[in-house]
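**Student:** Input structure-v2.txt, format and content: compact mmCIF, C-alpha atoms.
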```txt
# COMPACT_ATOMS: atom_id res chain seq x y z
CA MET A 13 204.10 67.25 67.85
CA PHE A 14 204.96 70.03 70.26
CA GLY A 15 201.23 70.69 70.65
CA ARG A 16 200.57 67.03 71.49
CA LEU A 17 203.32 67.08 74.12
CA MET A 18 201.83 70.19 75.71
CA ALA A 19 198.37 68.63 75.66
CA ASN A 20 199.67 65.48 77.35
CA ARG A 21 201.42 67.57 79.97
CA THR A 22 198.21 69.54 80.59
CA ASN A 23 196.22 66.32 80.98
CA ARG A 24 198.69 65.04 83.55
CA VAL A 25 198.39 68.26 85.54
CA GLN A 26 194.60 68.08 85.44
CA ARG A 27 194.68 64.55 86.78
CA THR A 28 197.03 65.39 89.67
CA SER A 29 196.21 68.96 90.71
CA PRO A 30 193.67 69.14 93.58
CA LEU A 31 191.96 72.14 91.98
CA ALA A 32 192.26 71.05 88.34
CA ALA A 33 188.62 69.99 88.07
CA VAL A 34 187.20 72.76 90.28
CA ARG A 35 186.33 76.13 88.77
CA THR A 36 186.56 78.73 91.53
CA PRO A 37 185.55 82.39 91.39
CA PRO A 38 188.46 84.85 91.81
CA ASP A 39 187.68 85.47 95.50
CA ALA A 40 187.03 81.84 96.49
CA GLY A 41 188.91 78.73 97.50
CA VAL A 42 188.20 75.08 98.27
CA LEU A 43 187.76 73.43 101.66
CA SER A 44 188.09 69.66 101.89
CA CYS A 45 188.70 66.71 104.19
CA ARG A 46 188.20 62.96 104.39
CA VAL A 47 186.45 61.31 107.34
CA LEU A 48 187.63 57.95 108.68
CA ASP A 49 186.56 55.70 111.53
CA PRO A 50 189.04 54.38 114.14
CA VAL A 51 190.09 51.49 111.85
CA ASN A 52 190.74 53.86 108.92
CA GLU A 53 187.59 52.99 106.98
CA PRO A 54 185.72 55.88 105.31
CA VAL A 55 182.58 57.14 107.06
CA ALA A 56 180.23 57.47 104.10
CA ASN A 57 177.29 58.77 106.16
CA ALA A 58 179.17 61.71 107.69
CA GLU A 59 177.38 65.07 107.65
CA PHE A 60 179.19 68.40 107.31
CA ALA A 61 178.28 71.96 108.26
CA VAL A 62 180.55 74.89 107.38
CA SER A 63 179.87 78.20 109.16
CA ASP A 64 181.51 81.61 108.91
CA ALA A 65 182.95 83.76 111.69
CA MET A 66 179.43 85.04 112.50
CA GLY A 67 178.14 81.50 113.03
CA ARG A 68 176.05 81.50 109.85
CA THR A 69 175.91 78.23 107.92
CA VAL A 70 177.59 78.71 104.54
CA VAL A 71 177.31 75.19 103.18
CA SER A 72 176.24 71.77 104.46
CA GLY A 73 175.97 68.29 103.06
CA GLY A 74 177.09 64.68 103.26
CA ALA A 75 180.28 62.82 102.49
CA ASP A 76 180.71 60.82 99.30
CA PRO A 77 181.06 56.99 99.44
CA TYR A 78 184.76 57.44 100.28
CA GLY A 79 184.12 59.72 103.22
CA SER A 80 185.31 62.82 101.36
CA PHE A 81 183.85 66.32 101.43
CA MET A 82 184.76 69.30 99.23
CA ALA A 83 183.14 72.73 99.00
CA THR A 84 183.92 75.99 97.23
CA VAL A 85 183.57 78.96 99.59
CA PRO A 86 184.57 82.64 99.61
CA ALA A 87 188.06 83.19 101.00
CA GLY A 88 188.01 83.55 104.78
CA GLU A 89 188.03 81.73 108.10
CA TYR A 90 185.51 78.95 108.69
CA ARG A 91 184.41 76.47 111.31
CA LEU A 92 183.75 72.91 110.18
CA ALA A 93 181.49 70.53 112.10
CA VAL A 94 181.44 66.83 111.22
CA SER A 95 178.88 64.39 112.64
CA ALA A 96 177.90 60.77 112.03
CA ASP A 97 175.71 58.25 113.80
CA GLY A 98 177.62 56.46 116.54
CA PHE A 99 180.54 58.91 116.58
CA THR A 100 181.51 61.93 118.67
CA PRO A 101 181.12 65.17 116.65
CA TYR A 102 184.34 66.72 115.33
CA ARG A 103 184.99 70.45 115.02
CA ALA A 104 187.87 72.36 113.43
CA THR A 105 188.78 75.80 112.11
CA ALA A 106 190.16 76.35 108.62
CA LEU A 107 191.52 79.39 106.77
CA VAL A 108 190.62 79.32 103.05
CA GLY A 109 192.69 81.47 100.67
CA GLU A 110 191.79 82.73 97.22
CA ASN A 111 192.20 80.05 94.55
CA CYS A 112 193.74 77.75 97.15
CA LEU A 113 192.91 74.35 98.58
CA ALA A 114 192.50 74.30 102.36
CA SER A 115 192.62 70.61 103.21
CA LEU A 116 192.18 69.25 106.70
CA GLY A 117 193.45 65.90 105.46
CA ASP A 118 192.17 62.77 107.16
CA VAL A 119 189.83 63.34 110.10
CA THR A 120 189.40 60.32 112.39
CA LEU A 121 186.15 60.24 114.35
CA LYS A 122 185.97 58.69 117.79
CA VAL A 123 183.25 56.19 118.66
CA ALA A 124 180.64 57.88 120.85
CA GLN A 125 179.76 56.46 124.23
CA PRO A 126 176.19 55.10 123.84
CA PRO A 127 173.57 56.58 126.20
CA ASP A 128 172.53 54.52 129.19
CA LEU A 129 169.56 52.24 128.55
CA PRO A 130 166.42 52.20 130.72
CA ALA A 131 166.53 49.90 133.72
CA PRO A 132 164.70 46.57 133.38
CA GLY A 133 161.10 46.74 134.53
CA ASP A 134 157.69 48.08 133.55
CA TRP A 135 157.49 51.55 132.01
CA GLU A 136 154.60 53.51 130.50
CA ILE A 137 154.29 56.19 127.85
CA GLU A 138 153.87 59.66 129.34
CA PRO A 139 151.34 61.22 126.90
CA THR A 140 151.84 64.85 127.93
CA HIS A 141 155.38 64.83 126.52
CA SER A 142 154.79 62.32 123.71
CA SER A 143 153.18 62.60 120.29
CA ILE A 144 152.04 60.36 117.45
CA GLY A 145 151.82 62.22 114.17
CA PHE A 146 151.46 61.41 110.50
CA THR A 147 152.02 62.99 107.09
CA ALA A 148 150.07 62.24 103.90
CA ARG A 149 150.46 63.50 100.36
CA HIS A 150 147.57 65.63 99.08
CA ILE A 151 146.77 65.98 95.32
CA GLY A 152 150.34 65.04 94.48
CA LEU A 153 151.68 68.35 95.78
CA ALA A 154 151.20 69.47 99.37
CA ARG A 155 151.57 67.39 102.52
CA ILE A 156 148.85 67.18 105.14
CA HIS A 157 150.07 66.83 108.74
CA GLY A 158 147.99 65.34 111.52
CA ARG A 159 148.16 63.59 114.86
CA PHE A 160 146.25 61.40 117.28
CA ASN A 161 145.36 63.25 120.47
CA SER A 162 144.69 60.26 122.71
CA PHE A 163 146.84 57.16 123.14
CA ALA A 164 148.43 55.01 125.83
CA GLY A 165 151.26 52.55 125.91
CA ALA A 166 153.36 50.27 128.08
CA VAL A 167 156.94 49.06 127.66
CA ARG A 168 158.52 46.14 129.47
CA ILE A 169 162.31 46.57 129.45
CA ASP A 170 164.09 43.25 129.70
CA ASP A 171 167.71 42.22 130.15
CA PRO A 172 169.04 42.13 127.50
CA VAL A 173 167.03 44.96 125.98
CA GLU A 174 166.56 42.96 122.77
CA ARG A 175 163.96 40.87 124.64
CA SER A 176 161.86 43.92 125.55
CA ALA A 177 158.23 44.36 124.47
CA MET A 178 155.89 47.28 123.81
CA HIS A 179 152.13 47.74 123.46
CA ILE A 180 150.52 50.97 122.19
CA VAL A 181 146.78 51.67 121.88
CA ILE A 182 145.58 54.71 119.88
CA ASP A 183 142.05 56.16 120.00
CA ALA A 184 141.20 56.36 116.28
CA ALA A 185 138.46 58.95 116.81
CA THR A 186 140.98 61.50 118.10
CA ILE A 187 142.58 61.95 114.66
CA ASP A 188 143.25 65.66 114.18
CA THR A 189 144.45 67.50 111.07
CA GLY A 190 143.08 70.88 112.12
CA VAL A 191 140.14 70.81 109.66
CA ARG A 192 136.88 69.48 111.11
CA MET A 193 135.30 68.44 107.78
CA ARG A 194 138.42 66.53 106.77
CA ASP A 195 138.73 64.89 110.19
CA ASP A 196 135.10 63.73 110.04
CA HIS A 197 135.81 62.18 106.64
CA LEU A 198 138.90 60.42 108.02
CA ARG A 199 136.77 58.95 110.83
CA SER A 200 134.17 57.68 108.34
CA ALA A 201 133.96 54.27 106.66
CA ASP A 202 136.00 55.64 103.74
CA PHE A 203 139.10 55.67 105.95
CA LEU A 204 139.47 54.61 109.61
CA ASP A 205 135.81 53.61 110.14
CA VAL A 206 136.06 54.40 113.85
CA GLN A 207 132.58 53.04 114.60
CA ARG A 208 133.73 49.52 113.69
CA PHE A 209 137.42 49.87 114.56
CA PRO A 210 137.75 52.31 117.48
CA THR A 211 141.46 51.70 118.14
CA LEU A 212 144.78 51.18 116.41
CA GLU A 213 147.11 48.81 118.29
CA PHE A 214 150.78 47.94 118.01
CA TYR A 215 152.40 44.95 119.73
CA SER A 216 156.17 44.70 119.36
CA ASP A 217 157.87 41.31 119.22
CA ARG A 218 161.50 42.23 118.51
CA PHE A 219 164.03 44.93 119.39
CA VAL A 220 167.15 44.92 117.19
CA HIS A 221 170.17 47.13 117.87
CA ARG A 222 171.46 48.61 114.60
CA GLY A 223 174.46 50.33 116.15
CA GLY A 224 175.00 53.55 118.07
CA THR A 225 171.62 54.98 119.05
CA LYS A 226 169.72 53.25 116.23
CA TRP A 227 167.22 50.46 116.88
CA ALA A 228 164.59 48.62 114.88
CA VAL A 229 161.37 47.77 116.73
CA THR A 230 159.29 45.22 114.82
CA GLY A 231 155.78 44.13 115.67
CA ALA A 232 152.15 43.73 114.61
CA LEU A 233 150.03 46.78 113.80
CA SER A 234 146.24 46.34 113.80
CA LEU A 235 144.46 49.05 111.81
CA HIS A 236 141.04 49.03 110.16
CA GLY A 237 140.54 45.37 111.11
CA VAL A 238 143.78 44.25 109.41
CA THR A 239 147.03 43.23 111.10
CA ARG A 240 150.39 43.64 109.38
CA THR A 241 154.04 43.44 110.44
CA VAL A 242 155.58 46.90 110.79
CA THR A 243 159.11 48.04 111.69
CA LEU A 244 159.72 51.30 113.54
CA ASP A 245 163.07 52.89 112.68
CA THR A 246 163.98 54.17 116.13
CA GLU A 247 166.55 56.54 117.57
CA TYR A 248 167.12 56.19 121.31
CA LEU A 249 167.77 59.60 122.90
CA GLY A 250 168.82 58.51 126.39
CA LEU A 251 167.76 59.09 129.99
CA GLY A 252 166.85 62.28 131.82
CA ASN A 253 164.97 63.61 134.82
CA GLY A 254 161.61 65.36 134.85
CA MET A 255 160.47 68.39 136.85
CA GLU A 256 159.75 66.20 139.90
CA GLY A 257 162.99 64.26 139.66
CA GLU A 258 161.41 61.24 137.98
CA THR A 259 163.50 59.21 135.54
CA ARG A 260 162.52 59.47 131.89
CA ALA A 261 163.70 57.76 128.72
CA ALA A 262 163.05 59.18 125.27
CA CYS A 263 163.12 58.03 121.66
CA ARG A 264 162.03 59.05 118.17
CA ALA A 265 160.63 56.56 115.66
CA THR A 266 159.25 56.58 112.16
CA THR A 267 157.67 54.16 109.71
CA GLU A 268 155.76 54.23 106.43
CA LEU A 269 152.37 52.59 105.98
CA HIS A 270 150.66 51.75 102.68
CA ARG A 271 146.91 52.33 102.85
CA ASP A 272 146.05 49.37 100.62
CA ASP A 273 147.86 47.01 103.04
CA PHE A 274 145.16 47.85 105.60
CA THR A 275 142.26 47.99 103.09
CA VAL A 276 142.01 51.77 103.52
CA SER A 277 141.59 51.98 99.77
CA TRP A 278 139.25 54.95 99.28
CA GLN A 279 140.44 56.77 96.18
CA THR A 280 139.32 59.77 94.20
CA MET A 281 141.24 61.06 91.19
CA LEU A 282 141.57 64.58 89.92
CA ALA A 283 140.76 65.31 86.30
CA ARG A 284 144.42 65.01 85.35
CA GLY A 285 144.71 61.54 86.90
CA ILE A 286 146.36 62.47 90.20
CA ALA A 287 145.09 60.88 93.42
CA VAL A 288 143.58 63.23 95.99
CA VAL A 289 145.25 61.22 98.78
CA GLY A 290 148.62 59.54 98.32
CA PRO A 291 149.02 55.77 98.72
CA SER A 292 151.41 55.90 101.68
CA ILE A 293 151.37 57.55 105.11
CA ARG A 294 154.47 58.48 107.10
CA VAL A 295 154.10 58.01 110.85
CA ASP A 296 156.35 59.83 113.35
CA LEU A 297 156.50 59.13 117.06
CA ASP A 298 158.19 61.19 119.77
CA VAL A 299 157.91 59.18 122.97
CA GLN A 300 158.90 59.63 126.58
CA ILE A 301 158.45 56.77 129.02
CA VAL A 302 158.48 56.76 132.83
CA PRO A 303 158.60 53.90 135.32
CA LYS A 304 155.12 52.49 135.84
CA GLY A 305 153.53 53.43 139.11
```
Produce structure tokens that represent the structure in this file.
**Tutor:**
Amino acid sequence: MFGRLMANRTNRVQRTSPLAAVRTPPDAGVLSCRVLDPVNEPVANAEFAVSDAMGRTVVSGGADPYGSFMATVPAGEYRLAVSADGFTPYRATALVGENCLASLGDVTLKVAQPPDLPAPGDWEIEPTHSSIGFTARHIGLARIHGRFNSFAGAVRIDDPVERSAMHIVIDAATIDTGVRMRDDHLRSADFLDVQRFPTLEFYSDRFVHRGGTKWAVTGALSLHGVTRTVTLDTEYLGLGNGMEGETRAACRATTELHRDDFTVSWQTMLARGIAVVGPSIRVDLDVQIVPKG
């Protein structure tokens, strides 16, 4: 009976002690905090980076669905950086003792001031400081990276911005993966068939603000003689000035294309049944635009 009482007491301690479920080495402790937004809701997408006194990253990661973060680290002094889309980054210093819990408690992030949007009017892509790249899976293992070396584009910024439009034209023959034989194959009828379809074109028909700096740009992509609806997951980076004082706006965008959707269905299998080229292609855009003219 005495044993059962002791066991029950131990179970209660394990349920209530902050370190009960964490096994720490003799020279380590635990650093934790919970991240909330201004209305006290957890920020589940918060990212953490813990660095030591020398500025070296010791541990990094994301919050759990309740906005909480916990890490076991050697005893010492640390700097904690917390970031999340749409919020101002938070930084703090914490001293972690041996076999101790160093809790920063609840950290409330402030809503970040969104960057200024481009002025209404006609803008164009500045190709020297822009890039359109792609990544494809090769033989189920490595990734092949490539780009298109020639493209042009125009953006009409409206008021409100949600009514804006964009048109991009890519020269298919300028595909470049750094290997001439492979690039010639990609230009052939097995893939892009550049003799019949010399360009890839994207016409946007909708800009949707997803909060903070995040936007979704949806439109029609014409590739290999087929047109499909595509959404670019876009991060707006704000405004700046170039070397000659010109105004520039910048963004990053990404999307995933499935080759079969555009009838680019060439396929060769290895002996063990693995495709030489994966079924999907990731496309990444880094774009700067300047006022037209």
**Student:** Do you know which residues are at most 6 Å from segment 75-91 of chain A counting only C-alpha atoms, after dropping those on the same chain fewer than 6 positions away, and could you put them as a list in words?
**Tutor:** Asp39, Ala40, Gly41, Val42, Leu43, Ser44, Cys45, Arg46, Val47, Pro54, Val55, Ala56, Ala58, Val62, Ser63, Asp64, Ala104, Thr105, Ala106, Leu107, Val108, Gly109 and Glu110 of chain A
**Student:** Any chance you can output those residues with C-alpha atoms as a PDB file, keeping the file's coordinate frame?
**Tutor:**
```pdb
ATOM      1  CA  ASP A  39     187.680  85.470  95.500  1.00  0.00           C
ATOM      2  CA  ALA A  40     187.030  81.840  96.490  1.00  0.00           C
ATOM      3  CA  GLY A  41     188.910  78.730  97.500  1.00  0.00           C
ATOM      4  CA  VAL A  42     188.200  75.080  98.270  1.00  0.00           C
ATOM      5  CA  LEU A  43     187.760  73.430 101.660  1.00  0.00           C
ATOM      6  CA  SER A  44     188.090  69.660 101.890  1.00  0.00           C
ATOM      7  CA  CYS A  45     188.700  66.710 104.190  1.00  0.00           C
ATOM      8  CA  ARG A  46     188.200  62.960 104.390  1.00  0.00           C
ATOM      9  CA  VAL A  47     186.450  61.310 107.340  1.00  0.00           C
ATOM     10  CA  PRO A  54     185.720  55.880 105.310  1.00  0.00           C
ATOM     11  CA  VAL A  55     182.580  57.140 107.060  1.00  0.00           C
ATOM     12  CA  ALA A  56     180.230  57.470 104.100  1.00  0.00           C
ATOM     13  CA  ALA A  58     179.170  61.710 107.690  1.00  0.00           C
ATOM     14  CA  VAL A  62     180.550  74.890 107.380  1.00  0.00           C
ATOM     15  CA  SER A  63     179.870  78.200 109.160  1.00  0.00           C
ATOM     16  CA  ASP A  64     181.510  81.610 108.910  1.00  0.00           C
ATOM     17  CA  ALA A 104     187.870  72.360 113.430  1.00  0.00           C
ATOM     18  CA  THR A 105     188.780  75.800 112.110  1.00  0.00           C
ATOM     19  CA  ALA A 106     190.160  76.350 108.620  1.00  0.00           C
ATOM     20  CA  LEU A 107     191.520  79.390 106.770  1.00  0.00           C
ATOM     21  CA  VAL A 108     190.620  79.320 103.050  1.00  0.00           C
ATOM     22  CA  GLY A 109     192.690  81.470 100.670  1.00  0.00           C
ATOM     23  CA  GLU A 110     191.790  82.730  97.220  1.00  0.00           C
TER      24      GLU A 110
END
```
**Student:** For the interface of segment 99-217 of chain A with segment 236-242 of chain A (cut-off 8 Å, counting only C-alpha atoms), please tabulate each contacting residue of segment 99-217 of chain A alongside its nearest pair of atoms and their separation in Å to one decimal, rows sorted by chain and increasing number, as JSON lines.
**Tutor:**
```
{"residue": "A:Leu204", "atom": "CA", "partner": "A:His236", "partner_atom": "CA", "distance": 5.8}
{"residue": "A:Asp205", "atom": "CA", "partner": "A:His236", "partner_atom": "CA", "distance": 7.0}
{"residue": "A:Phe209", "atom": "CA", "partner": "A:His236", "partner_atom": "CA", "distance": 5.8}
{"residue": "A:Leu212", "atom": "CA", "partner": "A:His236", "partner_atom": "CA", "distance": 7.6}
```
**Student:** Can you write out the residues you just picked, keeping C-alpha atoms, as a compact mmCIF listing (two decimals), in the coordinates of the input?
**Tutor:**
```txt
# COMPACT_ATOMS: atom_id res chain seq x y z
CA LEU A 204 139.47 54.61 109.61
CA ASP A 205 135.81 53.61 110.14
CA PHE A 209 137.42 49.87 114.56
CA LEU A 212 144.78 51.18 116.41
```
**Student:** So that I can see what lies close to segment 292-295 of chain A, please list as an NGL selection string the residues with an atom at most 6 Å from it, counting all atoms listed in the file and leaving out residues fewer than 3 positions away in the same chain.
**Tutor:** :A and (145-148 or 266-271)
**Student:** May I have the residues within 6 Å of segment 216-226 of chain A as a list in words, using all atoms listed in the file and disregarding those fewer than 5 positions away in the same chain?
**Tutor:**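 So the residues in contact are Gly98, Glu174, Ala177, Met178, Gly231, Thr246, Glu247 and Tyr248 of chain A.
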**Student:** Hey, can you pull every residue with an atom no more than 8 Å from (147.0, 67.2, 119.2), using only C-alpha atoms, and send it as a PyMOL selection string?
**Tutor:** chain A and resi 143+158-161+188
**Student:** Grab the atom CA of Gly73 of chain A to atom CA of Thr36 of chain A distance for me, in Å with one decimal place.
**Tutor:**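 It comes out at 18.8 Å.
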**Student:** What gap, in Å, lies between atom CA of Ile169 of chain A and atom CA of Asp298 of chain A?
**Tutor:**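 Calculated distance between atom CA of Ile169 of chain A and atom CA of Asp298 of chain A is 18.0 Å.
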**Student:** Would you please work out which residue, of A:Leu116, A:Leu198, A:Leu121, A:Ile182, is nearest to Pro101 of chain A when using only C-alpha atoms?
**Tutor:**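 Under the stated criterion, the closest residue is A:Leu121.
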**Student:** Distance atom CA of Gly74 of chain A-atom CA of Phe60 of chain A, one decimal place?
**Tutor:** 5.9 Å
**Student:** For Arg260 of chain A, find every residue with an atom within 7 Å (counting only C-alpha atoms), except residues of its own chain fewer than 5 positions away, and show them as a compact mmCIF listing (two decimals) with C-alpha atoms, in the frame of the given file.
**Tutor:**
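Output below, filename part.txt:
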```txt
# COMPACT_ATOMS: atom_id res chain seq x y z
CA LEU A 251 167.76 59.09 129.99
CA GLY A 252 166.85 62.28 131.82
CA ASN A 253 164.97 63.61 134.82
CA GLY A 254 161.61 65.36 134.85
CA GLN A 300 158.90 59.63 126.58
CA ILE A 301 158.45 56.77 129.02
CA VAL A 302 158.48 56.76 132.83
```
**Student:** Show me, as a ChimeraX atom specification, the residues that have an atom within 12 Å of Glu136 of chain A when counting only C-alpha atoms, minus same-chain residues fewer than 5 positions from it.
**Tutor:** /A:130,142,163-169,177-181,259-262,299-305
